[in-house]
Structure formats: structure tokens, C-alpha cells
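S.K.: Quick one: the structure is below, questions incoming.
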Amino acid sequence: MRVYVPTTLNGLAAAYPGGALDESAAYAVTPALREWYVSDDLEELEYAALNRAAQSSLRLLAADPSAPRRRVVVAVDVADSAVAPFAGDEYQDQASLGRVQLKGSLRLAKAAAVHADTPDADVVTEVAAAAEAITAADQGDDDAQFTVDGADDHELLWFATQEIPGLLA
């Protein structure tokens, strides 16, 4: 199963020397996501899980004002046994569909890719605004949701794991 682990550049920099991500939350193609998305196309479903992880990365940016304002998601293939259902309420809101709990740390060497925003000034500015607005958007503020959607309009770039040092530079 492929999981998408949200993080920040600060989180990735902290994990890189030890070679493992310790985050416990990730996103994957779950039955709830599959039912909501109403598609059998695995690529579309994985893209939806990636986008949910990118929004979760915004929440991490909101919690870490020192992190560069770029969303980061690490894609890792893991055994099904390494993942547990989200340990929350039975009901998940639309933004948390596909959320899963990881049972242990993830080796960066096993990552399929790292996805991150471009460092272009306009993207960084929109991601910064979205990180500031994400809490209000989660509470139903339509203007804040519009700001968050602006960041979602930017595609994350794909990086091979060998490119992590350059991404962190």
C-alpha cells in the first residue's frame, strides 16, 4: 500500500540524518476515500490521498511558524500490516478521508518519492496564506477555504529520494 506522509521541510530535515520519519499520520486509498471519490482508477485515488496529505502539511506549517512555507509529502510503499485505521471517530470529515495511522517509523530509503511545493515566491506566498487560513477553513469559513483552495491549485513537484539534500538546501 502506498501511504502519503505529510511533513514540512523542517520535519524532513530533522528526519533525514537518522533516515526515518516518525510521523504517525498518513493518507492512503482507504475504503472511505474510495467510496467518497467514486472511482476505480487507482491513480486518481492516490492523487486524492496525496492532496489530503498536502492539506495536512498546511496544518503542520500552521503549527510551525519557523518552517519554510512549502508543503511536503513523502510517498512510501508499506505493507498493509504497517497501517491501521485512523484512531478517531467513526465519521471522518471530507478533509480527513483516507487518513490512516502508521504503526512505526518509515525508512526514508524506502520512500518512492518526495513531493514539495516549488520555491517560487508566488507559490510560497499562497502557501503561507493558506497555512494561516487552514484552521478557519476547517471551522467553515468560506473566505479562508478560498485561500486554502488557492494553495491547492499549485501542483507539488516530484523529487527522487536522492534529491532530498538539494531540496533541503
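Letters A, B, ... mark the chains of the C-alpha cells in the order given; residue numbers begin at 1 per chain; ligand numbers begin at 1, in order shown.
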Within 12 Å of range 138-140 of chain A, counting only C-alpha atoms, which residues qualify if same-chain residues fewer than 4 places away don't, as a PyMOL selection string?
M.R.: chain A and resi 55-56+58-59+93-96+130-134+144-148
S.K.: Step one, run DSSP on the backbone; step two, keep only residues of range 13-122 of chain A assigned to helix (DSSP H, G or I); then write them as JSON, numbers by chain.
M.R.: {"A": [13, 14, 15, 31, 32, 33, 34, 35, 36, 37, 42, 43, 44, 45, 46, 47, 48, 49, 50, 51, 52, 53, 54, 55, 56, 57, 58, 59, 60, 61, 62, 63, 80, 81, 82, 94, 95, 96, 108, 109, 110, 121, 122]}
S.K.: Which residues of range 103-138 of chain A have any atom within 10 Å of an atom in range 24-32 of chain A when counting only C-alpha atoms, and what is the closest pair of atoms for each, with the distance in Å to one decimal? Order the rows by chain and rising number and write it as a tab-separated table.
M.R.:
residue	atom	partner	partner_atom	distance
A:Lys103	CA	A:Ser24	CA	7.0
A:Gly104	CA	A:Ser24	CA	7.1
A:Ser105	CA	A:Ser24	CA	7.5
A:Leu106	CA	A:Ser24	CA	9.3
S.K.: Which residues of range 48-136 of chain A come within 9 Å of range 2-7 of chain A, and what is each one's closest atom pair and distance in Å (one decimal), counting only C-alpha atoms, sorted by chain and residue number, as CSV?
M.R.:
residue,atom,partner,partner_atom,distance
A:Ala49,CA,A:Tyr4,CA,6.9
A:Leu50,CA,A:Tyr4,CA,5.8
A:Arg52,CA,A:Tyr4,CA,8.7
A:Ala53,CA,A:Pro6,CA,5.0
A:Ala54,CA,A:Pro6,CA,6.3
A:Gln55,CA,A:Pro6,CA,8.2
A:Ser56,CA,A:Pro6,CA,6.0
A:Ser57,CA,A:Pro6,CA,4.9
A:Leu58,CA,A:Pro6,CA,8.7
A:Leu60,CA,A:Thr7,CA,6.7
A:Leu61,CA,A:Thr7,CA,8.3
A:Arg71,CA,A:Thr7,CA,7.3
A:Val72,CA,A:Thr7,CA,5.3
A:Val73,CA,A:Pro6,CA,4.5
A:Val74,CA,A:Val5,CA,5.0
A:Ala75,CA,A:Tyr4,CA,4.6
A:Val76,CA,A:Val3,CA,5.4
A:Asp77,CA,A:Arg2,CA,4.2
A:Val78,CA,A:Arg2,CA,6.2
A:Ala79,CA,A:Arg2,CA,8.6
A:Val83,CA,A:Val3,CA,8.7
A:Val100,CA,A:Val3,CA,8.5
A:Ala112,CA,A:Arg2,CA,8.7
S.K.: With only C-alpha atoms as the counted atoms, please give the residues lying no more than 10 Å from Ala160 in chain A, apart from itself and same-chain residues fewer than 3 positions off, as JSON, numbers by chain.
M.R.: {"A": [111, 112, 113, 114, 115, 163, 164, 167]}
S.K.: Kindly export the residues of the current selection with N, CA and C atoms, as a tab-separated table (two decimals), in the first residue's frame.
M.R.:
chain	number	residue	atom	x	y	z
A	111	ALA	N	11.31	5.29	0.63
A	111	ALA	CA	10.36	6.22	0.03
A	111	ALA	C	10.39	6.12	-1.49
A	112	ALA	N	9.22	6.21	-2.07
A	112	ALA	CA	9.11	6.21	-3.53
A	112	ALA	C	9.45	7.58	-4.09
A	113	ALA	N	9.08	8.63	-3.35
A	113	ALA	CA	9.31	10.00	-3.81
A	113	ALA	C	8.99	10.97	-2.69
A	114	VAL	N	9.45	12.18	-2.88
A	114	VAL	CA	9.07	13.30	-2.02
A	114	VAL	C	8.39	14.31	-2.93
A	115	HIS	N	7.26	14.82	-2.49
A	115	HIS	CA	6.52	15.83	-3.24
A	115	HIS	C	6.60	17.13	-2.43
A	163	GLU	N	17.38	13.31	-4.17
A	163	GLU	CA	17.32	14.76	-4.28
A	163	GLU	C	16.97	15.46	-2.97
A	164	ILE	N	16.78	14.70	-1.91
A	164	ILE	CA	16.42	15.31	-0.62
A	164	ILE	C	17.44	16.33	-0.17
A	167	LEU	N	16.81	19.49	-1.97
A	167	LEU	CA	15.53	20.06	-1.55
A	167	LEU	C	15.68	20.79	-0.23
S.K.: Near Tyr16 in chain A, counting only C-alpha atoms, which residues have an atom at most 10 Å away, once you skip same-chain residues fewer than 6 positions from it, shown as a VMD selection string?
M.R.: chain A and resid 10 107 to 109 164 to 165 168
S.K.: Choose the residue, out of A:Ala14, A:Leu157, A:Met1, A:Leu9, that has the smallest atom-to-atom separation from Ala67 in chain A; count only C-alpha atoms.
M.R.: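 For Ala67 in chain A, the nearest of the given residues is A:Leu9.
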S.K.: Would you mind reading off the distance between CA of Glu155 in chain A and CA of Leu102 in chain A, one decimal, in Å?
M.R.: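 Taking CA of Glu155 in chain A as the start and CA of Leu102 in chain A as the end point, the length is 25.3 Å.
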S.K.: Take CA of Asp41 in chain A and CA of Leu156 in chain A and report the distance between them in Å, one decimal.
M.R.: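 Separation between CA of Asp41 in chain A and CA of Leu156 in chain A: 20.3 Å.
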S.K.: Can you measure CA of Ala116 in chain A to CA of Tyr37 in chain A for me? One decimal in Å is fine.
M.R.: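 We find that CA of Ala116 in chain A and CA of Tyr37 in chain A lie 23.6 Å from each other.
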S.K.: Tell me which of A:Leu45, A:Arg70, A:Pro85, A:Val123 sits closest to Leu12 in chain A, counting only C-alpha atoms.
M.R.: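 Between A:Leu45, A:Arg70, A:Pro85, A:Val123, the residue approaching Leu12 in chain A most closely is A:Arg70.
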